[in-house]
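Data block for target_31.cif (mmCIF, C-alpha atoms and all ligand atoms):
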```cif
data_data
loop_
_atom_site.label_atom_id
_atom_site.label_comp_id
_atom_site.auth_asym_id
_atom_site.auth_seq_id
_atom_site.Cartn_x
_atom_site.Cartn_y
_atom_site.Cartn_z
CA MET X 110 -19.07 13.45 -2.15
CA SER X 111 -15.57 13.67 -0.73
CA VAL X 112 -15.06 14.93 2.79
CA ILE X 113 -12.56 17.79 2.54
CA VAL X 114 -10.12 18.46 5.36
CA GLY X 115 -7.28 20.91 4.83
CA THR X 116 -6.25 20.41 1.20
CA PHE X 117 -7.22 16.72 1.20
CA HIS X 118 -10.24 14.98 -0.31
CA LEU X 119 -11.24 11.85 1.61
CA SER X 120 -13.56 9.15 0.30
CA PRO X 121 -17.05 9.05 1.89
CA GLU X 122 -16.44 5.39 2.84
CA PHE X 123 -14.28 6.60 5.75
CA PHE X 124 -17.30 8.27 7.34
CA ILE X 125 -20.03 5.63 7.08
CA ARG X 126 -20.47 3.67 10.28
CA THR X 127 -19.35 0.09 9.82
CA ARG X 128 -18.46 -3.06 11.76
CA LEU X 129 -15.24 -3.49 9.78
CA HIS X 130 -12.02 -3.33 11.78
CA ASN X 131 -8.41 -3.29 10.67
CA GLN X 132 -7.11 -6.66 11.92
CA CYS X 133 -3.50 -5.85 10.91
CA THR X 134 -3.18 -3.31 13.73
CA VAL X 135 -4.05 -6.09 16.22
CA ASN X 136 -2.69 -9.31 14.68
CA GLY X 137 0.14 -7.89 12.57
CA CYS X 138 0.41 -7.98 8.78
CA ASP X 139 0.51 -11.45 7.22
CA GLY X 140 1.63 -10.15 3.81
CA ASP X 141 -1.48 -11.32 1.94
CA CYS X 142 -1.81 -7.82 0.50
CA CYS X 143 1.36 -8.46 -1.58
CA GLY X 144 -0.27 -11.40 -3.36
CA GLU X 145 -0.67 -9.80 -6.77
CA GLY X 146 2.10 -7.22 -6.78
CA VAL X 147 1.37 -3.54 -7.21
CA ALA X 148 1.24 -0.82 -9.86
CA ALA X 149 4.53 1.03 -10.23
CA THR X 150 5.88 3.90 -12.29
CA LEU X 151 8.75 3.82 -14.74
CA TYR X 152 10.78 5.88 -12.29
CA GLU X 153 10.10 3.49 -9.43
CA ALA X 154 11.08 0.55 -11.63
CA ALA X 155 14.34 2.33 -12.52
CA ARG X 156 15.12 2.93 -8.84
CA ILE X 157 14.49 -0.75 -8.06
CA LYS X 158 16.55 -1.94 -11.05
CA ALA X 159 19.48 0.13 -9.80
CA HIS X 160 19.63 -2.34 -6.87
CA ALA X 161 18.95 -5.47 -8.95
CA HIS X 162 22.12 -7.29 -7.96
CA GLU X 163 21.77 -6.57 -4.21
CA LEU X 164 18.11 -7.62 -4.23
CA GLN X 165 18.66 -11.14 -5.56
CA PRO X 166 19.64 -12.73 -2.20
CA TYR X 167 16.39 -11.50 -0.65
CA LEU X 168 14.15 -13.07 -3.32
CA VAL X 169 12.42 -16.46 -3.17
CA GLU X 170 13.63 -17.05 -6.74
CA PRO X 171 16.14 -14.99 -8.74
CA PHE X 172 14.46 -12.43 -10.99
CA ASN X 173 15.74 -11.53 -14.46
CA PHE X 174 15.36 -7.75 -14.28
CA ASP X 175 15.90 -7.52 -18.07
CA SER X 176 12.57 -9.35 -18.52
CA TRP X 177 10.58 -6.70 -16.62
CA ALA X 178 7.98 -5.27 -19.04
CA LEU X 179 8.45 -1.49 -18.88
CA SER X 180 7.50 -0.30 -22.40
CA ARG X 181 3.92 0.82 -21.48
CA ALA X 182 4.25 3.40 -18.74
CA ALA X 183 0.61 3.15 -17.60
CA ASP X 184 0.72 -0.67 -17.33
CA ILE X 185 3.80 -1.23 -15.20
CA SER X 186 3.52 -3.34 -12.09
CA THR X 187 5.94 -5.19 -9.88
CA PRO X 188 6.76 -8.62 -11.36
CA VAL X 189 4.65 -11.52 -10.15
CA LEU X 190 6.06 -14.92 -9.22
CA ASN X 191 3.85 -17.94 -10.02
CA GLU X 192 1.38 -15.71 -11.89
CA ASN X 193 -2.14 -17.24 -11.96
CA LYS X 194 -0.84 -20.33 -10.15
CA PRO X 195 -0.74 -21.48 -6.54
CA GLY X 196 1.82 -19.44 -4.64
CA GLU X 197 1.22 -16.31 -6.70
CA GLN X 198 2.98 -13.35 -5.06
CA CYS X 199 4.86 -10.15 -5.76
CA TRP X 200 8.34 -11.23 -6.82
CA PHE X 201 9.73 -8.86 -4.20
CA GLN X 202 7.99 -10.63 -1.31
CA ARG X 203 10.49 -12.61 0.72
CA GLN X 204 10.12 -16.14 2.09
CA ASN X 205 9.26 -14.58 5.49
CA ARG X 206 6.44 -12.58 3.78
CA LEU X 207 8.24 -9.27 4.31
CA CYS X 208 9.13 -6.95 1.45
CA ALA X 209 12.60 -7.40 -0.05
CA LEU X 210 12.74 -3.74 -1.08
CA HIS X 211 11.92 -2.62 2.45
CA SER X 212 14.41 -5.07 3.95
CA LEU X 213 17.20 -4.00 1.59
CA ALA X 214 16.58 -0.34 2.42
CA LEU X 215 16.75 -1.03 6.17
CA ASP X 216 19.89 -3.18 5.79
CA LYS X 217 21.64 -0.47 3.75
CA GLY X 218 20.42 2.44 5.90
CA MET X 219 18.55 3.99 2.94
CA PRO X 220 15.13 5.66 3.27
CA VAL X 221 12.50 3.00 2.51
CA SER X 222 10.73 5.56 0.30
CA SER X 223 13.80 5.70 -1.96
CA ILE X 224 13.08 2.21 -3.34
CA LYS X 225 9.60 1.01 -2.32
CA PRO X 226 6.75 1.87 -4.74
CA TYR X 227 4.54 4.70 -3.60
CA PHE X 228 1.38 2.58 -3.55
CA CYS X 229 3.05 0.08 -1.22
CA LEU X 230 4.01 2.90 1.14
CA PHE X 231 0.46 4.25 0.96
CA PHE X 232 -1.39 0.92 1.40
CA PRO X 233 -4.00 0.20 2.84
CA LEU X 234 -4.89 3.67 1.56
CA THR X 235 -4.96 4.48 -2.12
CA LEU X 236 -5.56 7.45 -4.41
CA VAL X 237 -8.55 7.78 -6.75
CA ASP X 238 -8.48 10.37 -9.54
CA LEU X 239 -11.50 12.70 -9.38
CA ASP X 240 -10.30 15.07 -12.08
CA ILE X 241 -7.14 15.87 -14.01
CA ASN X 242 -5.43 17.25 -10.88
CA VAL X 243 -7.73 16.25 -8.02
CA THR X 244 -7.27 13.00 -6.13
CA GLU X 245 -9.26 11.49 -3.32
CA ILE X 246 -7.76 9.35 -0.56
CA ALA X 247 -9.69 6.08 -0.35
CA VAL X 248 -9.35 2.59 1.13
CA ASP X 249 -7.54 0.28 -1.31
CA GLY X 250 -10.01 -2.34 -2.56
CA LYS X 251 -7.55 -5.08 -1.65
CA ALA X 252 -7.60 -3.98 1.99
CA TYR X 253 -11.24 -5.05 2.26
CA ASP X 254 -10.09 -8.63 1.60
CA THR X 255 -6.77 -8.67 3.43
CA CYS X 256 -6.95 -6.17 6.32
CA LEU X 257 -10.58 -5.57 7.29
CA VAL X 258 -12.70 -8.05 9.24
CA GLU X 259 -16.27 -7.86 10.52
CA THR X 260 -16.62 -7.36 14.30
CA GLU X 261 -19.36 -6.57 16.82
CA HIS X 262 -18.39 -2.96 17.38
CA GLU X 263 -19.49 -0.21 15.01
CA THR X 264 -17.07 2.55 14.15
CA TYR X 265 -15.81 4.74 11.31
CA LEU X 266 -13.16 3.48 8.90
CA PHE X 267 -11.15 6.67 9.31
CA ARG X 268 -10.53 5.58 12.90
CA GLN X 269 -9.34 2.14 11.74
CA PHE X 270 -6.66 3.75 9.57
CA GLU X 271 -5.63 6.41 12.04
CA THR X 272 -1.88 5.83 11.80
CA GLU X 273 -1.89 5.81 8.00
CA LEU X 274 -4.15 8.85 7.70
CA ARG X 275 -2.21 10.88 10.26
CA ARG X 276 0.95 10.18 8.23
CA VAL X 277 -0.70 11.55 5.06
CA ILE X 278 -3.00 14.37 6.18
CA GLY X 279 -1.17 15.37 9.37
CA ASP X 280 -2.26 15.47 13.01
CA THR X 281 -4.12 18.79 12.82
CA ASN X 282 -6.37 17.57 10.00
CA TYR X 283 -6.91 14.22 11.73
CA GLN X 284 -7.95 16.03 14.94
CA GLU X 285 -10.44 17.99 12.85
CA LEU X 286 -11.97 14.70 11.63
CA LEU X 287 -12.28 13.48 15.23
CA ARG X 288 -14.09 16.70 16.10
CA ARG X 289 -16.49 16.37 13.16
CA TYR X 290 -17.14 12.63 13.59
CA PRO X 291 -17.11 11.76 17.32
CA ASP X 292 -17.41 8.04 17.96
S1 LIG Z 301 6.99 -4.29 -3.54
FE1 LIG Z 301 7.06 -5.09 -1.45
S2 LIG Z 301 5.32 -4.13 -0.33
FE2 LIG Z 301 5.01 -3.84 -2.56
S3 LIG Z 301 3.67 -5.55 -3.19
FE3 LIG Z 301 5.82 -6.20 -3.54
S4 LIG Z 301 6.45 -7.24 -1.63
FE4 LIG Z 301 4.57 -6.09 -1.20
#
```

Starting from the coordinates I provided, produce the structure as structure tokens.
Ligand code: SF4
Amino acid sequence: MSVIVGTFHLSPEFFIRTRLHNQCTVNGCDGDCCGEGVAATLYEAARIKAHAHELQPYLVEPFNFDSWALSRAADISTPVLNENKPGEQCWFQRQNRLCALHSLALDKGMPVSSIKPYFCLFFPLTLVDLDINVTEIAVDGKAYDTCLVETEHETYLFRQFETELRRVIGDTNYQELLRRYPD
């Protein structure tokens, strides 16, 4: 059952004691989470395509934006370079492992959220549909492989994703979780 705080449903996995720790907060992000690209909406693809020309210099290889498969709205994802081969990665991941969309936004002084797909902004959290209009905040399955590592110390996952959760549910709701689940 979800843990409800404010108007938010949180996955039970956040509140089971575990030895998993978020290594990215300590060692920095190595960009492995961008290995397979990410789901995107038609609207996000349109916003990215509007910057197609400016994005090319940031990319490892030029991308033909006209080849981006956008006809099935529920199946859209960011294009993948070297798909199913060594060196597979999101086409928007730069040589330095940073995100080209994020870099372009910073260089142009645009809000990052105006071009980066929502699920990239939300990662390592994700949304799971519980019903037609009810979603639960969960840990993205990919984060278990790329961000979380086993350690000696037991804790709750909601504490490992404090920064991300505070951004989404707000400080008041996060403080409520700390009260309910003291370490
Ligand atoms: S769009 Fe950027 S953040 Fe998202 S998967 Fe691709 S490189 Fe990573």

Can you pull out every residue with an atom within 9 Å of ligand LIG 301 (chain Z)? Use all atoms listed in the file and format it as a PyMOL selection string. chain X and resi 140-149+187-189+198-203+206-211+224-230+232

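Distance-wise, CA of Val243 in chain X and CA of Ser120 in chain X end up 12.4 Å apart.
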
Starting from the point (-19.7, -1.8, 12.8), work out which residues of protein, DNA or RNA have an atom no more than 6 Å away when counting all atoms listed in the file; state them as a PyMOL selection string. chain X and resi 127-129+262-264

Can you work out the spacing between CA of Asp216 in chain X and CA of Val169 in chain X in Å, to one decimal? 17.7 Å

Tell me, as a ChimeraX atom specification, which residues lie within 7 Å of Val237 in chain X, counting all atoms listed in the file; anything in the same chain fewer than 2 positions away does not count. /X:235,239,244-247

Which value, in Å to one decimal, gives the distance between CA of Pro220 in chain X and CA of Gly196 in chain X? 29.5 Å

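Each of X:Arg181, X:Arg289, X:Lys217, X:Lys251 was compared to Pro233 in chain X using only C-alpha atoms, and X:Lys251 turns out to be the nearest.
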
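Counting only C-alpha atoms, the residue from X:Thr116, X:Ser180, X:Ser111, X:Asn173 that sits nearest to Ile278 in chain X is X:Thr116.
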
Counting all atoms listed in the file, closest pick from X:Glu259, X:Asp238, X:Glu170, X:Glu163 relative to Leu213 in chain X is X:Glu163

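In terms of minimum interatomic distance to Ala178 in chain X, X:Thr150 ranks closest within X:Asn242, X:Gln165, X:Asn136, X:Thr150, counting only C-alpha atoms.
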
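Distances here use all atoms listed in the file; by that measure, the residue among X:Phe267, X:Val258, X:Ile157, X:Asp184 closest to Val135 in chain X is X:Val258.
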
Show me the residues close to (-15.2, 9.3, 16.0) - anything with an atom within 12 Å, counting all atoms listed in the file - and format the list as a PDB file with C-alpha atoms, in the coordinates of the input.
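Contents of the output file selection_23.pdb:
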```
ATOM      1  CA  PHE X 123     -14.280   6.600   5.750  1.00  0.00           C
ATOM      2  CA  PHE X 124     -17.300   8.270   7.340  1.00  0.00           C
ATOM      3  CA  ILE X 125     -20.030   5.630   7.080  1.00  0.00           C
ATOM      4  CA  ARG X 126     -20.470   3.670  10.280  1.00  0.00           C
ATOM      5  CA  THR X 127     -19.350   0.090   9.820  1.00  0.00           C
ATOM      6  CA  GLU X 263     -19.490  -0.210  15.010  1.00  0.00           C
ATOM      7  CA  THR X 264     -17.070   2.550  14.150  1.00  0.00           C
ATOM      8  CA  TYR X 265     -15.810   4.740  11.310  1.00  0.00           C
ATOM      9  CA  LEU X 266     -13.160   3.480   8.900  1.00  0.00           C
ATOM     10  CA  PHE X 267     -11.150   6.670   9.310  1.00  0.00           C
ATOM     11  CA  ARG X 268     -10.530   5.580  12.900  1.00  0.00           C
ATOM     12  CA  GLN X 269      -9.340   2.140  11.740  1.00  0.00           C
ATOM     13  CA  GLU X 271      -5.630   6.410  12.040  1.00  0.00           C
ATOM     14  CA  TYR X 283      -6.910  14.220  11.730  1.00  0.00           C
ATOM     15  CA  GLN X 284      -7.950  16.030  14.940  1.00  0.00           C
ATOM     16  CA  GLU X 285     -10.440  17.990  12.850  1.00  0.00           C
ATOM     17  CA  LEU X 286     -11.970  14.700  11.630  1.00  0.00           C
ATOM     18  CA  LEU X 287     -12.280  13.480  15.230  1.00  0.00           C
ATOM     19  CA  ARG X 288     -14.090  16.700  16.100  1.00  0.00           C
ATOM     20  CA  ARG X 289     -16.490  16.370  13.160  1.00  0.00           C
ATOM     21  CA  TYR X 290     -17.140  12.630  13.590  1.00  0.00           C
ATOM     22  CA  PRO X 291     -17.110  11.760  17.320  1.00  0.00           C
ATOM     23  CA  ASP X 292     -17.410   8.040  17.960  1.00  0.00           C
TER      24      ASP X 292
END
```

Quick one: what's the axis-aligned box for range 254-266 of chain X, all listed atoms, 4 Å on every side, centre and edges in Å to one decimal, as JSON?
```
{"center_x": -13.1, "center_y": -2.0, "center_z": 9.5, "size_x": 20.7, "size_y": 21.4, "size_z": 23.8}
```

Atom completion result for range 249-277 of chain X (N, CA and C atoms) as a CSV table (one decimal), keeping the file's coordinate frame:
```
chain,number,residue,atom,x,y,z
X,249,ASP,N,-7.9,1.2,-0.2
X,249,ASP,CA,-7.5,0.3,-1.3
X,249,ASP,C,-8.5,-0.9,-1.3
X,250,GLY,N,-9.1,-1.2,-2.5
X,250,GLY,CA,-10.0,-2.3,-2.6
X,250,GLY,C,-9.5,-3.6,-2.0
X,251,LYS,N,-8.2,-3.9,-2.1
X,251,LYS,CA,-7.6,-5.1,-1.6
X,251,LYS,C,-7.6,-5.2,-0.1
X,252,ALA,N,-7.6,-4.0,0.5
X,252,ALA,CA,-7.6,-4.0,2.0
X,252,ALA,C,-8.9,-4.5,2.6
X,253,TYR,N,-10.0,-4.5,1.8
X,253,TYR,CA,-11.2,-5.0,2.3
X,253,TYR,C,-11.1,-6.6,2.4
X,254,ASP,N,-10.3,-7.2,1.6
X,254,ASP,CA,-10.1,-8.6,1.6
X,254,ASP,C,-9.0,-9.0,2.6
X,255,THR,N,-7.9,-8.2,2.7
X,255,THR,CA,-6.8,-8.7,3.4
X,255,THR,C,-6.6,-8.1,4.8
X,256,CYS,N,-7.2,-6.9,5.1
X,256,CYS,CA,-7.0,-6.2,6.3
X,256,CYS,C,-8.2,-6.0,7.2
X,257,LEU,N,-9.4,-5.9,6.5
X,257,LEU,CA,-10.6,-5.6,7.3
X,257,LEU,C,-11.4,-6.8,7.6
X,258,VAL,N,-11.8,-6.9,8.8
X,258,VAL,CA,-12.7,-8.0,9.2
X,258,VAL,C,-13.9,-7.5,10.0
X,259,GLU,N,-15.0,-8.2,9.9
X,259,GLU,CA,-16.3,-7.9,10.5
X,259,GLU,C,-16.2,-8.1,12.0
X,260,THR,N,-16.6,-7.2,12.8
X,260,THR,CA,-16.6,-7.4,14.3
X,260,THR,C,-18.0,-6.9,14.8
X,261,GLU,N,-18.1,-7.0,16.2
X,261,GLU,CA,-19.4,-6.6,16.8
X,261,GLU,C,-19.5,-5.1,16.9
X,262,HIS,N,-18.4,-4.4,17.0
X,262,HIS,CA,-18.4,-3.0,17.4
X,262,HIS,C,-18.5,-2.1,16.1
X,263,GLU,N,-19.4,-1.1,16.2
X,263,GLU,CA,-19.5,-0.2,15.0
X,263,GLU,C,-18.6,1.0,15.2
X,264,THR,N,-18.0,1.4,14.1
X,264,THR,CA,-17.1,2.6,14.2
X,264,THR,C,-17.0,3.2,12.8
X,265,TYR,N,-16.1,4.2,12.6
X,265,TYR,CA,-15.8,4.7,11.3
X,265,TYR,C,-14.5,4.2,10.8
X,266,LEU,N,-14.4,4.0,9.5
X,266,LEU,CA,-13.2,3.5,8.9
X,266,LEU,C,-12.0,4.5,9.1
X,267,PHE,N,-12.3,5.7,9.2
X,267,PHE,CA,-11.2,6.7,9.3
X,267,PHE,C,-10.4,6.4,10.6
X,268,ARG,N,-11.2,5.9,11.6
X,268,ARG,CA,-10.5,5.6,12.9
X,268,ARG,C,-9.7,4.3,12.8
X,269,GLN,N,-10.1,3.4,11.9
X,269,GLN,CA,-9.3,2.1,11.7
X,269,GLN,C,-8.0,2.4,11.0
X,270,PHE,N,-7.9,3.5,10.3
X,270,PHE,CA,-6.7,3.8,9.6
X,270,PHE,C,-6.0,5.0,10.1
X,271,GLU,N,-6.1,5.2,11.4
X,271,GLU,CA,-5.6,6.4,12.0
X,271,GLU,C,-4.1,6.7,11.8
X,272,THR,N,-3.3,5.6,12.0
X,272,THR,CA,-1.9,5.8,11.8
X,272,THR,C,-1.6,6.2,10.4
X,273,GLU,N,-2.2,5.5,9.4
X,273,GLU,CA,-1.9,5.8,8.0
X,273,GLU,C,-2.4,7.2,7.6
X,274,LEU,N,-3.6,7.5,8.1
X,274,LEU,CA,-4.2,8.8,7.7
X,274,LEU,C,-3.4,10.0,8.3
X,275,ARG,N,-3.0,9.8,9.6
X,275,ARG,CA,-2.2,10.9,10.3
X,275,ARG,C,-0.9,11.1,9.5
X,276,ARG,N,-0.3,10.0,9.0
X,276,ARG,CA,1.0,10.2,8.2
X,276,ARG,C,0.7,11.0,7.0
X,277,VAL,N,-0.4,10.9,6.3
X,277,VAL,CA,-0.7,11.6,5.1
X,277,VAL,C,-1.3,13.0,5.3
```
